[in-house]
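Have a look at run-v8.txt below; it lists compact mmCIF, C-alpha atoms and all ligand atoms.
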# COMPACT_ATOMS: atom_id res chain seq x y z
CA MET X 1 113.68 89.64 83.02
CA GLN X 2 116.12 87.96 80.60
CA GLY X 3 115.69 84.27 79.89
CA LEU X 4 112.23 83.99 81.42
CA LEU X 5 109.73 81.67 79.75
CA VAL X 6 106.05 82.00 80.72
CA PHE X 7 103.36 79.46 79.89
CA GLY X 8 100.19 81.48 79.27
CA ARG X 9 99.67 84.65 77.26
CA THR X 10 96.01 85.69 77.42
CA GLY X 11 95.24 84.84 81.06
CA GLN X 12 94.90 87.42 83.81
CA VAL X 13 98.28 86.75 85.42
CA ALA X 14 100.06 86.16 82.11
CA ARG X 15 98.96 89.55 80.81
CA GLU X 16 100.20 91.32 83.93
CA LEU X 17 103.52 89.44 83.66
CA ALA X 18 103.78 90.69 80.09
CA ALA X 19 103.15 94.26 81.26
CA LEU X 20 105.95 94.03 83.84
CA ALA X 21 108.39 91.85 81.88
CA PRO X 22 107.73 92.37 78.16
CA GLU X 23 111.16 90.93 77.31
CA ALA X 24 110.12 87.49 78.57
CA THR X 25 108.84 84.82 76.16
CA PHE X 26 105.14 84.01 76.45
CA LEU X 27 103.73 80.77 75.08
CA GLY X 28 100.02 80.77 74.27
CA ARG X 29 97.94 77.77 73.29
CA ASP X 30 99.43 77.88 69.79
CA GLY X 31 102.97 77.64 71.16
CA ALA X 32 102.26 75.09 73.87
CA ASP X 33 98.93 73.34 74.36
CA LEU X 34 98.75 72.12 77.94
CA THR X 35 96.53 69.22 76.97
CA ASP X 36 99.77 67.86 75.43
CA PRO X 37 102.25 67.72 78.35
CA ALA X 38 105.08 66.25 76.25
CA ALA X 39 104.73 69.13 73.77
CA CYS X 40 105.00 71.61 76.66
CA ALA X 41 108.22 69.99 77.82
CA GLY X 42 109.48 70.05 74.23
CA ALA X 43 108.64 73.73 73.77
CA LEU X 44 110.39 74.48 77.04
CA ARG X 45 113.61 72.70 76.05
CA GLU X 46 113.56 74.43 72.69
CA ALA X 47 113.22 77.89 74.25
CA ARG X 48 116.38 77.35 76.36
CA PRO X 49 115.15 79.58 79.20
CA ARG X 50 116.94 80.36 82.46
CA ALA X 51 113.71 80.24 84.47
CA VAL X 52 110.05 79.29 83.94
CA ILE X 53 106.71 80.53 85.28
CA ASN X 54 103.55 78.55 84.58
CA ALA X 55 100.60 80.98 84.49
CA ALA X 56 98.29 78.80 82.37
CA ALA X 57 95.57 76.62 83.89
CA TYR X 58 92.11 75.18 83.44
CA THR X 59 90.28 77.68 85.65
CA ALA X 60 86.62 76.99 84.81
CA VAL X 61 85.72 75.55 88.22
CA ASP X 62 82.24 74.26 87.36
CA ARG X 63 83.09 73.07 83.86
CA ALA X 64 85.94 70.97 85.27
CA GLU X 65 83.38 68.75 87.02
CA THR X 66 82.23 67.38 83.67
CA ASP X 67 85.61 67.67 81.89
CA PRO X 68 88.01 66.14 84.43
CA ASP X 69 90.35 64.58 81.87
CA THR X 70 91.17 67.91 80.25
CA ALA X 71 91.45 69.61 83.65
CA ARG X 72 93.92 66.95 84.81
CA LEU X 73 96.09 67.24 81.70
CA VAL X 74 96.23 71.03 81.94
CA ASN X 75 96.43 71.48 85.72
CA ALA X 76 98.45 68.42 86.73
CA ASP X 77 100.19 66.56 83.91
CA ALA X 78 101.47 69.57 81.95
CA PRO X 79 102.95 71.39 84.98
CA THR X 80 104.55 68.12 86.06
CA ALA X 81 106.15 67.69 82.62
CA MET X 82 107.35 71.33 82.69
CA ALA X 83 108.92 70.86 86.12
CA GLN X 84 110.63 67.65 85.01
CA ALA X 85 112.11 69.44 81.99
CA CYS X 86 113.26 72.30 84.27
CA ALA X 87 114.89 69.80 86.62
CA GLU X 88 116.79 68.26 83.69
CA LEU X 89 117.94 71.72 82.57
CA GLY X 90 118.84 72.76 86.12
CA ILE X 91 116.59 75.85 86.02
CA PRO X 92 113.95 76.97 88.55
CA VAL X 93 110.20 76.78 87.96
CA LEU X 94 107.45 78.81 89.63
CA HIS X 95 103.97 77.32 89.41
CA ILE X 96 100.72 79.01 90.49
CA SER X 97 98.06 77.21 92.50
CA THR X 98 94.92 77.95 94.45
CA ASP X 99 93.07 78.14 97.76
CA TYR X 100 90.69 75.53 96.28
CA VAL X 101 93.16 72.78 97.29
CA PHE X 102 91.62 73.18 100.77
CA ASP X 103 88.19 72.10 102.00
CA GLY X 104 87.54 75.45 103.68
CA SER X 105 86.66 74.12 107.11
CA GLY X 106 87.13 76.27 110.22
CA ASP X 107 87.67 80.00 110.40
CA GLN X 108 91.43 80.37 110.75
CA ALA X 109 93.97 81.29 108.07
CA ARG X 110 95.80 78.25 106.71
CA ALA X 111 99.56 77.92 106.50
CA GLU X 112 101.28 76.17 103.59
CA ASP X 113 101.58 72.85 105.44
CA ALA X 114 97.89 72.66 106.43
CA PRO X 115 96.17 69.47 105.23
CA THR X 116 94.72 69.69 101.73
CA ALA X 117 91.31 68.24 100.82
CA PRO X 118 89.89 69.70 97.61
CA LEU X 119 86.11 69.81 97.19
CA GLY X 120 86.03 69.51 93.40
CA VAL X 121 87.86 68.54 90.23
CA TYR X 122 89.54 71.92 89.74
CA GLY X 123 91.03 71.85 93.24
CA ALA X 124 91.98 68.17 93.00
CA THR X 125 93.77 68.62 89.68
CA LYS X 126 95.55 71.76 90.92
CA LEU X 127 96.72 69.80 93.97
CA ALA X 128 98.01 67.01 91.74
CA GLY X 129 99.92 69.68 89.78
CA GLU X 130 101.57 70.98 92.97
CA GLN X 131 102.60 67.45 93.88
CA GLY X 132 103.99 66.73 90.41
CA VAL X 133 106.04 69.95 90.44
CA ALA X 134 107.38 69.16 93.92
CA ALA X 135 108.30 65.58 92.97
CA ALA X 136 110.14 66.53 89.75
CA GLY X 137 113.41 66.85 91.63
CA GLY X 138 114.44 70.36 90.59
CA ARG X 139 114.29 73.81 92.16
CA TRP X 140 110.64 74.82 92.45
CA ALA X 141 108.15 77.11 94.12
CA VAL X 142 104.37 77.02 94.14
CA MET X 143 102.44 80.21 94.83
CA ARG X 144 98.92 79.50 96.07
CA THR X 145 96.74 82.52 95.53
CA SER X 146 92.99 83.24 95.56
CA TRP X 147 90.11 85.17 94.02
CA VAL X 148 92.16 86.73 91.20
CA PHE X 149 90.89 89.82 89.41
CA SER X 150 92.15 92.23 86.75
CA ALA X 151 90.95 94.36 83.87
CA HIS X 152 91.43 91.37 81.53
CA GLY X 153 89.67 88.08 81.06
CA ALA X 154 86.81 86.67 83.07
CA ASN X 155 86.66 87.45 86.77
CA PHE X 156 84.29 88.38 89.58
CA VAL X 157 84.89 92.14 89.27
CA LYS X 158 83.88 92.20 85.63
CA THR X 159 80.87 89.97 86.31
CA MET X 160 79.70 92.28 89.12
CA LEU X 161 80.17 95.43 87.01
CA ARG X 162 78.02 93.88 84.30
CA LEU X 163 75.29 92.70 86.68
CA GLY X 164 75.43 95.93 88.72
CA ALA X 165 74.81 98.01 85.62
CA ASP X 166 71.67 96.00 84.78
CA ARG X 167 70.05 95.38 88.16
CA ASP X 168 68.99 97.23 91.33
CA ARG X 169 69.78 94.32 93.59
CA LEU X 170 72.38 91.55 93.54
CA THR X 171 72.43 88.49 95.78
CA VAL X 172 75.94 87.35 96.64
CA VAL X 173 77.29 84.64 98.93
CA ALA X 174 78.46 85.98 102.27
CA ASP X 175 79.66 82.78 103.95
CA GLN X 176 82.72 82.22 101.73
CA ILE X 177 85.63 84.27 103.07
CA GLY X 178 88.95 84.82 101.33
CA GLY X 179 91.47 87.28 99.97
CA PRO X 180 90.71 88.93 96.63
CA THR X 181 94.02 89.27 94.80
CA PRO X 182 94.91 91.68 91.97
CA ALA X 183 96.64 89.84 89.12
CA ALA X 184 99.16 92.68 88.86
CA ASP X 185 100.35 92.04 92.42
CA ILE X 186 100.64 88.30 91.70
CA ALA X 187 102.75 89.06 88.65
CA ALA X 188 105.06 91.39 90.61
CA ALA X 189 105.45 88.82 93.39
CA CYS X 190 106.14 86.02 90.91
CA LEU X 191 108.83 88.04 89.16
CA ARG X 192 110.53 88.86 92.43
CA MET X 193 110.53 85.20 93.44
CA ILE X 194 111.70 83.76 90.13
CA ARG X 195 114.45 86.37 89.74
CA LEU X 196 115.89 85.43 93.13
CA MET X 197 115.55 81.73 92.33
CA ARG X 198 117.39 82.27 89.05
CA ASP X 199 120.20 84.36 90.53
CA ARG X 200 120.66 82.59 93.88
CA PRO X 201 120.50 78.81 93.70
CA ASP X 202 120.31 78.63 97.51
CA THR X 203 116.97 80.52 97.52
CA THR X 204 114.41 78.57 99.51
CA GLY X 205 111.56 77.09 97.54
CA GLY X 206 108.42 75.14 98.32
CA ILE X 207 104.87 76.31 98.73
CA TYR X 208 103.98 79.96 99.40
CA HIS X 209 100.60 81.54 100.12
CA PHE X 210 99.90 84.97 98.63
CA ALA X 211 96.53 86.74 98.80
CA GLY X 212 95.20 90.27 98.99
CA ALA X 213 94.07 91.80 102.29
CA PRO X 214 91.80 92.27 104.15
CA ASP X 215 89.92 88.97 104.06
CA ALA X 216 86.36 89.50 102.86
CA SER X 217 83.26 87.66 101.73
CA TRP X 218 82.27 87.68 98.08
CA ALA X 219 79.36 89.92 99.15
CA ASP X 220 81.77 92.37 100.83
CA PHE X 221 83.87 92.31 97.66
CA ALA X 222 80.77 93.00 95.54
CA ARG X 223 79.76 95.93 97.76
CA GLU X 224 83.21 97.49 97.41
CA ILE X 225 83.00 97.07 93.63
CA MET X 226 79.59 98.79 93.54
CA ALA X 227 80.85 101.63 95.78
CA GLN X 228 84.06 102.27 93.85
CA ALA X 229 82.29 102.05 90.49
CA SER X 230 79.46 104.35 91.71
CA LEU X 231 76.83 101.76 90.81
CA GLY X 232 73.63 101.93 92.84
CA ALA X 233 72.84 98.21 93.00
CA GLN X 234 72.24 96.88 96.51
CA VAL X 235 74.16 93.73 97.43
CA ALA X 236 72.22 91.32 99.63
CA ASP X 237 74.01 88.60 101.61
CA ILE X 238 73.00 85.02 100.85
CA PRO X 239 74.34 81.67 102.11
CA SER X 240 76.14 79.39 99.65
CA SER X 241 73.14 77.05 99.85
CA ASP X 242 71.12 79.72 98.00
CA TYR X 243 73.65 79.75 95.13
CA PRO X 244 73.97 76.12 94.05
CA THR X 245 76.83 75.31 91.68
CA PRO X 246 78.16 72.05 90.19
CA ALA X 247 81.37 72.36 92.22
CA ALA X 248 81.26 73.25 95.92
CA ARG X 249 83.49 76.17 96.95
CA PRO X 250 85.47 76.29 100.22
CA LEU X 251 83.83 78.47 102.89
CA ASN X 252 87.10 79.44 104.56
CA SER X 253 89.68 80.47 101.95
CA ARG X 254 91.81 82.53 104.36
CA LEU X 255 95.51 82.03 103.54
CA ASP X 256 98.25 82.71 106.06
CA CYS X 257 100.79 84.66 103.99
CA GLY X 258 103.55 84.88 106.60
CA ARG X 259 106.06 82.66 104.82
CA ILE X 260 106.32 84.74 101.62
CA ALA X 261 106.75 87.86 103.78
CA ARG X 262 109.59 86.26 105.76
CA ASP X 263 111.45 84.63 102.85
CA PHE X 264 110.88 87.18 100.08
CA GLY X 265 109.75 90.36 101.87
CA ILE X 266 106.45 90.28 99.96
CA ALA X 267 103.49 91.70 101.88
CA ARG X 268 99.79 91.12 101.27
CA PRO X 269 98.55 93.87 98.92
CA ASP X 270 95.38 95.81 99.79
CA TRP X 271 92.89 94.56 97.19
CA ARG X 272 90.80 97.72 97.51
CA ALA X 273 93.69 99.75 96.08
CA GLY X 274 94.16 97.14 93.37
CA LEU X 275 90.45 97.36 92.58
CA ALA X 276 90.72 101.14 92.12
CA ARG X 277 93.54 100.62 89.60
CA VAL X 278 91.56 97.96 87.71
CA LEU X 279 88.51 100.23 87.50
CA ASP X 280 90.75 103.01 86.13
CA GLN X 281 92.13 100.63 83.51
CA LEU X 282 88.62 99.56 82.52
CA LYS X 283 87.59 103.21 82.17
CA ASP X 284 90.53 103.85 79.83
CA LYS X 285 89.49 100.86 77.71
CA THR X 286 86.05 102.28 76.83
N1 LIG X 301 91.34 83.04 88.41
C1 LIG X 301 91.35 82.89 89.74
O1 LIG X 301 90.46 83.36 90.44
C2 LIG X 301 92.46 82.14 90.38
C3 LIG X 301 93.49 81.59 89.65
N2 LIG X 301 94.48 80.87 90.27
C4 LIG X 301 95.57 80.29 89.51
O2 LIG X 301 96.32 81.36 88.99
C5 LIG X 301 96.88 80.98 87.73
C6 LIG X 301 96.55 82.04 86.69
O3 LIG X 301 95.14 82.15 86.62
P1 LIG X 301 94.42 83.27 85.73
O4 LIG X 301 95.42 84.15 85.13
O5 LIG X 301 93.32 83.81 86.52
O6 LIG X 301 93.80 82.31 84.60
P2 LIG X 301 92.84 82.68 83.38
O7 LIG X 301 91.66 81.83 83.49
O8 LIG X 301 92.71 84.15 83.25
O9 LIG X 301 93.75 82.21 82.18
C7 LIG X 301 94.10 80.88 82.02
C8 LIG X 301 95.15 80.79 80.96
O10 LIG X 301 95.46 79.42 80.73
C9 LIG X 301 95.40 79.18 79.36
N3 LIG X 301 95.05 77.82 79.04
C10 LIG X 301 93.97 77.12 79.42
N4 LIG X 301 93.97 75.92 78.87
C11 LIG X 301 95.08 75.85 78.08
C12 LIG X 301 95.63 74.88 77.25
N5 LIG X 301 95.04 73.68 77.05
N6 LIG X 301 96.79 75.16 76.62
C13 LIG X 301 97.40 76.34 76.77
N7 LIG X 301 96.92 77.30 77.56
C14 LIG X 301 95.77 77.06 78.21
C15 LIG X 301 94.36 80.14 78.85
O11 LIG X 301 94.51 80.29 77.46
P3 LIG X 301 93.24 80.68 76.53
O12 LIG X 301 93.00 82.12 76.78
O13 LIG X 301 93.71 80.35 75.17
O14 LIG X 301 92.10 79.82 76.99
C16 LIG X 301 94.70 81.38 79.64
O15 LIG X 301 95.78 82.07 79.07
C17 LIG X 301 96.32 79.59 87.42
O16 LIG X 301 97.27 78.63 87.85
C18 LIG X 301 95.09 79.49 88.31
O17 LIG X 301 94.80 78.15 88.67
C19 LIG X 301 94.52 80.71 91.63
C20 LIG X 301 93.54 81.24 92.41
C21 LIG X 301 92.44 82.02 91.85
C1 LIG X 302 77.89 85.83 89.71
C2 LIG X 302 77.60 85.53 91.15
C3 LIG X 302 78.48 84.74 91.88
N1 LIG X 302 78.22 84.45 93.18
C4 LIG X 302 79.17 83.64 93.95
C5 LIG X 302 79.56 82.30 93.37
C6 LIG X 302 80.92 82.06 94.00
O1 LIG X 302 80.76 81.46 95.29
C7 LIG X 302 81.47 83.46 94.16
C8 LIG X 302 82.54 83.82 93.15
O2 LIG X 302 82.12 83.49 91.84
P1 LIG X 302 83.15 83.03 90.74
O3 LIG X 302 82.42 82.46 89.62
O4 LIG X 302 84.12 84.14 90.49
O5 LIG X 302 83.90 81.88 91.54
P2 LIG X 302 85.03 80.90 91.10
O6 LIG X 302 85.13 80.87 89.62
O7 LIG X 302 84.83 79.64 91.83
O8 LIG X 302 86.36 81.61 91.66
C9 LIG X 302 87.47 80.81 91.90
O9 LIG X 302 88.16 80.61 90.68
C10 LIG X 302 89.23 79.71 90.80
C11 LIG X 302 89.93 79.64 89.44
C12 LIG X 302 90.11 79.91 91.97
O10 LIG X 302 91.24 79.41 92.01
C13 LIG X 302 89.53 80.53 93.21
O11 LIG X 302 90.50 81.18 94.00
C14 LIG X 302 88.36 81.44 92.94
O12 LIG X 302 88.78 82.70 92.47
O13 LIG X 302 80.39 84.36 94.05
C15 LIG X 302 77.09 84.96 93.81
O14 LIG X 302 76.87 84.68 95.02
N2 LIG X 302 76.23 85.74 93.10
C16 LIG X 302 76.43 86.06 91.80
O15 LIG X 302 75.63 86.79 91.19
MG MG X 303 85.44 81.69 87.67
What is this structure when it is put down as structure tokens?
Ligand SMILES: NC(=O)C1=CN([C@@H]2O[C@H](COP(=O)(O)OP(=O)(O)OC[C@H]3O[C@@H](n4cnc5c(N)ncnc54)[C@H](OP(=O)(O)O)[C@@H]3O)[C@@H](O)[C@H]2O)C=CC1
Ligand SMILES: Cc1cn([C@H]2C[C@H](O)[C@@H](COP(=O)(O)OP(=O)(O)O[C@H]3O[C@@H](C)C(=O)[C@@H](O)[C@H]3O)O2)c(=O)[nH]c1=O
Ligand SMILES: [Mg+2]
Amino acid sequence: MQGLLVFGRTGQVARELAALAPEATFLGRDGADLTDPAACAGALREARPRAVINAAAYTAVDRAETDPDTARLVNADAPTAMAQACAELGIPVLHISTDYVFDGSGDQARAEDAPTAPLGVYGATKLAGEQGVAAAGGRWAVMRTSWVFSAHGANFVKTMLRLGADRDRLTVVADQIGGPTPAADIAAACLRMIRLMRDRPDTTGGIYHFAGAPDASWADFAREIMAQASLGAQVADIPSSDYPTPAARPLNSRLDCGRIARDFGIARPDWRAGLARVLDQLKDKT
């Protein structure tokens, strides 16, 4: 896509964006450090883009608890500065956010306007980023997604493949339910949205939920990984209380993805098919 500027280059979603839209400009840490929001806005103005996607974030959920200042700069202040620069230039911005803006109560899928109540620093700073982007006064969309995986970077699939190769038995939380989402499908959905926003100024914006289907527990996800990768490790269900972490995770991460289907014709992808493609890619790598 011509005139597209992406913040992020090495992340899971950024790499899939690069695969689908190699002609776009990608800014890594060297081109725009998100701990310096003014520098991000400056780099954006200099690039003279026609549209912007922010795919960079501080995603280390537990580390954020003891590094909240950095997490806030990267997840809240930098996206806010980007959106303000986009508003000045009159160009649309698409920002990516997370299911961790919710507290995970109940057992129903949440719509975009459901009350937010993050449980930790990562979620709180991502929520502040959404609010800054929305308040910047330009044309914007926020895609909230969940449980991202790909052949690149650090993610649950790669962790499980590593552990599954070493052990006969894995214990994985079974009371957190959400939608695992292939990064490639996020990238495709983002490109579809930002292209429409660029070409049709009357395109609706706002917050959109996008997650893979069907909803599953992390333990279910792990079992599917073991099955598809032909690893023999047994996956035993445990409650979250048996897997203590510095940051609490939401138990109910189900996202109602109806709005993105209605406005953009984007359906929830089946994550099991996405997993098969990721395992193929990982095989080719070795
Ligand atoms: N991963 C997940 O499970 C989920 C992610 N999301 C959201 O999706 C989006 C994309 O996530 P994903 O692709 O998984 O992220 P990754 O963790 O794979 O990548 C994060 C990217 O952000 C970059 N980054 C971090 N800090 C800085 C900084 N100070 N300056 C410049 N770049 C920086 C990283 O660069 P470097 O490699 O140099 O560190 C990396 O390219 C994010 O907004 C995230 O919050 C939402 C739900 C789930
Ligand atoms: C490695 C391991 C993890 N777990 C649990 C911990 C956690 O609840 C769950 C997933 O582990 P992770 O470390 O991938 O979780 P986490 O890094 O919190 O994943 C989150 O990242 C951020 C960026 C998001 O935005 C979220 O949507 C979500 O994907 O599995 C086990 O139960 N057993 C294990 O052996
Ligand atoms: Mg993680």
In Å, rounded to a single decimal, give me how far CA of Leu89 (chain X) is from atom C5 of ligand LIG 301 (chain X). 23.6 Å
At a cut-off of 8 Å and counting all atoms listed in the file, what residues surround ligand LIG 302 (chain X)? Please answer as a ChimeraX atom specification. /X:58-62,97-100,122-123,145-148,155-156,159-160,163,170-174,176,180,218-219,238,240,243,245,249
Using only C-alpha atoms, give me every residue within 10 Å of (118.1, 81.4, 90.4) in file coordinates, as number ranges by chain. X: 50-51, 90-93, 139, 193-203
Residues within 6 Å of ligand LIG 301 (chain X), counting only C-alpha atoms and all ligand atoms: report them as a list of chain:residue names.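 Going residue by residue within 6 Å of ligand LIG 301 (chain X), we get X:Gly8, X:Arg9, X:Thr10, X:Gly11, X:Gln12, X:Val13, X:Ala14, X:Gly28, X:Arg29, X:Ala32, X:Asp33, X:Leu34, X:Thr35, X:Ala55, X:Ala56, X:Ala57, X:Tyr58, X:Thr59, X:Val74, X:Ile96, X:Ser97, X:Thr98, X:Thr145, X:Ser146, X:Trp147, X:Val148, X:Gly153.
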Name all residues at most 7 Å from region 36-44 of chain X (count only C-alpha atoms; drop same-chain ones fewer than 4 positions away) and give them as a tab-separated table (two decimals) with C-alpha atoms, in the coordinates of the input.
chain	number	residue	atom	x	y	z
X	32	ALA	CA	102.26	75.09	73.87
X	48	ARG	CA	116.38	77.35	76.36
X	77	ASP	CA	100.19	66.56	83.91
X	78	ALA	CA	101.47	69.57	81.95
X	81	ALA	CA	106.15	67.69	82.62
X	82	MET	CA	107.35	71.33	82.69
X	85	ALA	CA	112.11	69.44	81.99
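With CA of Thr70 (chain X) on one side and CA of Ala47 (chain X) on the other, the separation reads 24.9 Å.
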Report, as AutoDock Vina command-line options, the axis-aligned box around all atoms of region 247-264 of chain X present in the file, extended by 5 Å on each side; give centre and edge lengths in Å to one decimal place.
--center_x 96.4 --center_y 80.1 --center_z 99.4 --size_x 40.2 --size_y 25.5 --size_z 24.4
When you count all atoms listed in the file, which of these residues is closest to ligand MG 303 (chain X): X:Arg259, X:Lys158, X:Arg277, X:His95?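 Distance minimum relative to ligand MG 303 (chain X) lands on X:Lys158.
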For Gln108 (chain X), which residue out of X:Arg72, X:Arg254, X:Lys285, X:Lys126 is the nearest one, using only C-alpha atoms?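 Result for the nearest residue to Gln108 (chain X): X:Arg254.
Minimum distance to Ile53 (chain X) across X:Arg192, X:Lys283, X:Arg268, X:Arg162 (counting all atoms listed in the file) occurs at X:Arg192.
Checking X:Leu4, X:Ala128, X:Val157, X:Ala233 one by one against ligand MG 303 (chain X), counting only C-alpha atoms and all ligand atoms, you find the shortest gap at X:Val157.
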